[in-house]
Every structure is written in structure tokens, then in C-alpha cells.
Amino acid sequence: MTDGGYSKLLSDLSIHSIILLYKTNLFKVAISGEPVKVKNWILHEMPGLITECLISLDDRYLYFVDWIHGDLRQYNIKAPTKPILTGQGWIGGLLQKESSPIVAVAENGKEWQIEVPKVTENRLLGGAQMFQLSLDRKRLYITNSLFNKWDHQFYPELVENGSHMFQIDVDTEQGL
């Protein structure tokens, strides 16, 4: 067990990280929200923007959301210095197939976009933002609006059509 805890860190304008802080004032990057190479956007890389993170009450999982990319991630942190990605879900973001001209480009040059699920035939707009895990760790409640000014800039369709809040059932044994 380590003698420390996790915190969010903006290490520069392109990489958001979850860091492990030690009581000795040292830290190490535990998880990074890496930028994605893209086409049809204002920059050649789309930075990750980790807006929320939380640790389950049993200290088993760390969750975070990336508002720009649109994903929710779950990491097993039983070994705090070696977090393991156990689940990832896309619930919005700027890389959606049906609603965005922005295309991600993999290292091998292959282009991709995300298939974001629909809820009652409605597209999920915006990016995953605020969320809360139920006390029994079995449900995650999540919203998609960040700040009105940012919503206008990044997700104008969200401002026009309204935001949403929904529930995700969490598998506490196998991961998201």
C-alpha cells in the first residue's frame, strides 16, 4: 500500500493526468488523458480534458470522465501505483460518428470515430461531465453540461436541445 492519494493535474495544455501524491511531496503520473490526433478541428491534436474523477468508497476503482473526448473510464486501483483500465464507455464527445466532422487518426494513419449509443433514440450530446457513484457502487449517475460558455463553444447543439442526466449500471466485479 502506498502512503498517499490521487489528484487531478493539468501538466500542460494538452495532457490532463491523474497523479499519485505521496506524503513526501513527491508524485508520479498514474493515468494520463492523452491528446488524440485529429482532422477537421482547430488543432492537429485534441487534448483530453478530465473534468471529474472519483474513487469508489471501497477504494477499489477510480473513475474519470473526459469532457472533450466524451469517454468515461474505470481503473482498478487495488495496486495504487499500477492502475489497470477495466472499462471505458463513450457517452458523447466531439468524435461522434453521426454528429461530428472531426475524425481521429491512429498512429498507423487509420481514421476513426466513436459509435455513441442512443438513449430512447436520442443521441447523447456534449461530453461526459459531472458524475456520482451510488453508495453501493452499482450505479453511476452522469450529466453532460460543463459551463454555459464552454457548452456554447464546443457543443452548441447541446445548448439548443438541452442536456441530459442518465444512469449507468456498474459491474463491481468485472469492471464497467
# chains A, B, ... in the order shown; residues from 1 in each chain; ligands from 1
>>> residues_around(residues="stretch 66-71 of chain A", least_positions_apart="4", cutoff="8 Å", atoms="only C-alpha atoms", output="ChimeraX atom specification")
/A:33,46-52,88-95,126-129,144,146
>>> select_by_dssp(residues="chain A", states="alpha helix (DSSP H)", output="ChimeraX atom specification")
/A:148-154,156-161
>>> write_last_selection(atoms="C-alpha atoms", output="tab-separated table (two decimals), in the first residue's frame")
chain	number	residue	atom	x	y	z
A	148	ASN	CA	-22.60	27.52	-20.31
A	149	LYS	CA	-19.86	29.41	-22.20
A	150	TRP	CA	-17.91	26.22	-22.91
A	151	ASP	CA	-21.06	24.36	-23.92
A	152	HIS	CA	-21.79	27.14	-26.45
A	153	GLN	CA	-18.27	26.87	-27.87
A	154	PHE	CA	-17.80	23.10	-28.02
A	156	PRO	CA	-23.80	24.31	-29.48
A	157	GLU	CA	-26.34	21.58	-30.24
A	158	LEU	CA	-26.40	20.73	-26.53
A	159	VAL	CA	-27.35	24.31	-25.68
A	160	GLU	CA	-30.15	24.27	-28.27
A	161	ASN	CA	-31.59	20.85	-27.35
>>> select_by_dssp(residues="stretch 23-143 of chain A", states="strand (DSSP E)", output="PyMOL selection string")
chain A and resi 27-33+36-39+45-46+50-55+61-66+71-76+84-90+103-105+111-112+118-119+122-123+131-133+139-143
>>> residues_around(residues="stretch 35-40 of chain A", least_positions_apart="2", cutoff="10 Å", atoms="only C-alpha atoms", output="list of chain:residue names")
A:Leu13, A:Ser14, A:Ile15, A:His16, A:Ser32, A:Gly33, A:Ile42, A:Leu43, A:His44, A:Glu45, A:Met46, A:Pro47, A:Gly48, A:Leu49, A:His69, A:Leu95, A:Ser100, A:Pro101, A:Ile102, A:Val103, A:Ala104, A:Val105, A:Ala106, A:Glu107, A:Gly109, A:Glu111, A:Trp112, A:Gln113
>>> closest_residue(among="A:Lys97, A:Arg73, A:Lys110, A:Lys118", to="A:Tyr61", atoms="only C-alpha atoms")
A:Arg73
>>> atom_distance(atom1="atom CA of A:Phe166", atom2="atom CA of A:Thr120")
11.6 Å
>>> decode(residues="stretch 107-153 of chain A", atoms="N, CA and C atoms", output="mmCIF file, in the first residue's frame")
data_model
loop_
_atom_site.group_PDB
_atom_site.id
_atom_site.type_symbol
_atom_site.label_atom_id
_atom_site.label_comp_id
_atom_site.auth_asym_id
_atom_site.auth_seq_id
_atom_site.Cartn_x
_atom_site.Cartn_y
_atom_site.Cartn_z
ATOM 1 N N GLU A 107 -2.143 6.014 -34.821
ATOM 2 C CA GLU A 107 -0.702 6.027 -35.139
ATOM 3 C C GLU A 107 -0.419 5.456 -36.527
ATOM 4 N N ASN A 108 -1.186 4.418 -36.927
ATOM 5 C CA ASN A 108 -0.975 3.786 -38.232
ATOM 6 C C ASN A 108 -1.642 4.541 -39.374
ATOM 7 N N GLY A 109 -2.261 5.696 -39.074
ATOM 8 C CA GLY A 109 -2.909 6.512 -40.096
ATOM 9 C C GLY A 109 -4.376 6.197 -40.320
ATOM 10 N N LYS A 110 -4.870 5.137 -39.683
ATOM 11 C CA LYS A 110 -6.278 4.768 -39.846
ATOM 12 C C LYS A 110 -7.160 5.780 -39.116
ATOM 13 N N GLU A 111 -8.231 6.209 -39.797
ATOM 14 C CA GLU A 111 -9.149 7.188 -39.226
ATOM 15 C C GLU A 111 -10.280 6.475 -38.495
ATOM 16 N N TRP A 112 -10.763 7.094 -37.420
ATOM 17 C CA TRP A 112 -11.854 6.507 -36.654
ATOM 18 C C TRP A 112 -12.708 7.574 -35.978
ATOM 19 N N GLN A 113 -13.938 7.197 -35.702
ATOM 20 C CA GLN A 113 -14.875 7.982 -34.902
ATOM 21 C C GLN A 113 -15.585 7.021 -33.961
ATOM 22 N N ILE A 114 -16.275 7.574 -32.997
ATOM 23 C CA ILE A 114 -16.899 6.769 -31.958
ATOM 24 C C ILE A 114 -18.387 6.551 -32.243
ATOM 25 N N GLU A 115 -18.830 5.307 -32.064
ATOM 26 C CA GLU A 115 -20.259 4.978 -32.091
ATOM 27 C C GLU A 115 -20.795 5.236 -30.694
ATOM 28 N N VAL A 116 -21.477 6.329 -30.514
ATOM 29 C CA VAL A 116 -22.051 6.636 -29.209
ATOM 30 C C VAL A 116 -23.461 6.073 -29.174
ATOM 31 N N PRO A 117 -23.795 5.305 -28.120
ATOM 32 C CA PRO A 117 -25.138 4.715 -28.070
ATOM 33 C C PRO A 117 -26.221 5.787 -27.976
ATOM 34 N N LYS A 118 -27.402 5.438 -28.453
ATOM 35 C CA LYS A 118 -28.559 6.326 -28.332
ATOM 36 C C LYS A 118 -29.379 5.869 -27.129
ATOM 37 N N VAL A 119 -30.030 6.829 -26.503
ATOM 38 C CA VAL A 119 -30.922 6.532 -25.389
ATOM 39 C C VAL A 119 -32.317 6.948 -25.828
ATOM 40 N N THR A 120 -33.225 5.991 -25.869
ATOM 41 C CA THR A 120 -34.584 6.201 -26.401
ATOM 42 C C THR A 120 -34.540 6.972 -27.719
ATOM 43 N N GLU A 121 -33.670 6.500 -28.607
ATOM 44 C CA GLU A 121 -33.497 7.052 -29.951
ATOM 45 C C GLU A 121 -32.940 8.471 -29.993
ATOM 46 N N ASN A 122 -32.416 8.960 -28.892
ATOM 47 C CA ASN A 122 -31.806 10.288 -28.848
ATOM 48 C C ASN A 122 -30.293 10.165 -28.740
ATOM 49 N N ARG A 123 -29.588 10.944 -29.557
ATOM 50 C CA ARG A 123 -28.133 10.980 -29.482
ATOM 51 C C ARG A 123 -27.706 11.628 -28.174
ATOM 52 N N LEU A 124 -26.620 11.160 -27.613
ATOM 53 C CA LEU A 124 -26.062 11.776 -26.418
ATOM 54 C C LEU A 124 -25.211 12.956 -26.854
ATOM 55 N N LEU A 125 -25.615 14.144 -26.465
ATOM 56 C CA LEU A 125 -24.925 15.369 -26.854
ATOM 57 C C LEU A 125 -23.923 15.764 -25.783
ATOM 58 N N GLY A 126 -22.976 16.599 -26.160
ATOM 59 C CA GLY A 126 -21.987 17.065 -25.190
ATOM 60 C C GLY A 126 -21.029 15.956 -24.804
ATOM 61 N N GLY A 127 -20.287 16.194 -23.744
ATOM 62 C CA GLY A 127 -19.348 15.198 -23.255
ATOM 63 C C GLY A 127 -19.660 14.856 -21.819
ATOM 64 N N ALA A 128 -19.256 13.675 -21.402
ATOM 65 C CA ALA A 128 -19.473 13.254 -20.022
ATOM 66 C C ALA A 128 -18.836 14.276 -19.088
ATOM 67 N N GLN A 129 -19.560 14.674 -18.053
ATOM 68 C CA GLN A 129 -19.031 15.722 -17.179
ATOM 69 C C GLN A 129 -19.171 15.333 -15.724
ATOM 70 N N MET A 130 -20.151 15.875 -15.029
ATOM 71 C CA MET A 130 -20.286 15.586 -13.604
ATOM 72 C C MET A 130 -20.894 14.210 -13.402
ATOM 73 N N PHE A 131 -20.407 13.491 -12.378
ATOM 74 C CA PHE A 131 -20.987 12.186 -12.102
ATOM 75 C C PHE A 131 -20.844 11.842 -10.631
ATOM 76 N N GLN A 132 -21.671 10.887 -10.213
ATOM 77 C CA GLN A 132 -21.656 10.432 -8.832
ATOM 78 C C GLN A 132 -21.915 8.935 -8.814
ATOM 79 N N LEU A 133 -21.160 8.219 -8.021
ATOM 80 C CA LEU A 133 -21.323 6.786 -7.856
ATOM 81 C C LEU A 133 -22.243 6.541 -6.670
ATOM 82 N N SER A 134 -23.197 5.631 -6.835
ATOM 83 C CA SER A 134 -24.101 5.317 -5.724
ATOM 84 C C SER A 134 -23.300 4.695 -4.579
ATOM 85 N N LEU A 135 -23.844 4.766 -3.386
ATOM 86 C CA LEU A 135 -23.140 4.259 -2.207
ATOM 87 C C LEU A 135 -22.867 2.762 -2.283
ATOM 88 N N ASP A 136 -23.716 2.008 -2.989
ATOM 89 C CA ASP A 136 -23.473 0.568 -3.139
ATOM 90 C C ASP A 136 -22.575 0.247 -4.343
ATOM 91 N N ARG A 137 -22.061 1.299 -5.040
ATOM 92 C CA ARG A 137 -21.116 1.189 -6.152
ATOM 93 C C ARG A 137 -21.710 0.526 -7.401
ATOM 94 N N LYS A 138 -23.023 0.403 -7.497
ATOM 95 C CA LYS A 138 -23.631 -0.322 -8.613
ATOM 96 C C LYS A 138 -24.237 0.576 -9.683
ATOM 97 N N ARG A 139 -24.373 1.877 -9.401
ATOM 98 C CA ARG A 139 -24.950 2.807 -10.371
ATOM 99 C C ARG A 139 -24.110 4.076 -10.415
ATOM 100 N N LEU A 140 -23.908 4.547 -11.633
ATOM 101 C CA LEU A 140 -23.181 5.793 -11.838
ATOM 102 C C LEU A 140 -24.157 6.772 -12.493
ATOM 103 N N TYR A 141 -24.352 7.928 -11.870
ATOM 104 C CA TYR A 141 -25.237 8.952 -12.402
ATOM 105 C C TYR A 141 -24.356 10.015 -13.043
ATOM 106 N N ILE A 142 -24.687 10.386 -14.279
ATOM 107 C CA ILE A 142 -23.777 11.246 -15.039
ATOM 108 C C ILE A 142 -24.549 12.308 -15.823
ATOM 109 N N THR A 143 -23.956 13.495 -15.943
ATOM 110 C CA THR A 143 -24.533 14.585 -16.734
ATOM 111 C C THR A 143 -23.543 14.976 -17.827
ATOM 112 N N ASN A 144 -23.959 15.901 -18.694
ATOM 113 C CA ASN A 144 -23.122 16.214 -19.851
ATOM 114 C C ASN A 144 -22.825 17.690 -20.066
ATOM 115 N N SER A 145 -23.269 18.572 -19.224
ATOM 116 C CA SER A 145 -23.029 20.001 -19.422
ATOM 117 C C SER A 145 -21.902 20.461 -18.503
ATOM 118 N N LEU A 146 -20.973 21.271 -19.024
ATOM 119 C CA LEU A 146 -19.848 21.734 -18.213
ATOM 120 C C LEU A 146 -20.112 23.150 -17.714
ATOM 121 N N PHE A 147 -19.850 24.151 -18.534
ATOM 122 C CA PHE A 147 -20.140 25.551 -18.231
ATOM 123 C C PHE A 147 -20.857 26.116 -19.441
ATOM 124 N N ASN A 148 -21.806 26.980 -19.224
ATOM 125 C CA ASN A 148 -22.601 27.516 -20.310
ATOM 126 C C ASN A 148 -21.736 28.049 -21.447
ATOM 127 N N LYS A 149 -20.718 28.837 -21.152
ATOM 128 C CA LYS A 149 -19.856 29.412 -22.200
ATOM 129 C C LYS A 149 -19.115 28.313 -22.954
ATOM 130 N N TRP A 150 -18.624 27.318 -22.246
ATOM 131 C CA TRP A 150 -17.913 26.215 -22.906
ATOM 132 C C TRP A 150 -18.870 25.363 -23.718
ATOM 133 N N ASP A 151 -20.058 25.118 -23.173
ATOM 134 C CA ASP A 151 -21.058 24.358 -23.922
ATOM 135 C C ASP A 151 -21.364 25.056 -25.248
ATOM 136 N N HIS A 152 -21.526 26.379 -25.222
ATOM 137 C CA HIS A 152 -21.790 27.143 -26.455
ATOM 138 C C HIS A 152 -20.658 26.966 -27.459
ATOM 139 N N GLN A 153 -19.424 26.960 -26.975
ATOM 140 C CA GLN A 153 -18.273 26.870 -27.872
ATOM 141 C C GLN A 153 -18.067 25.465 -28.436
#
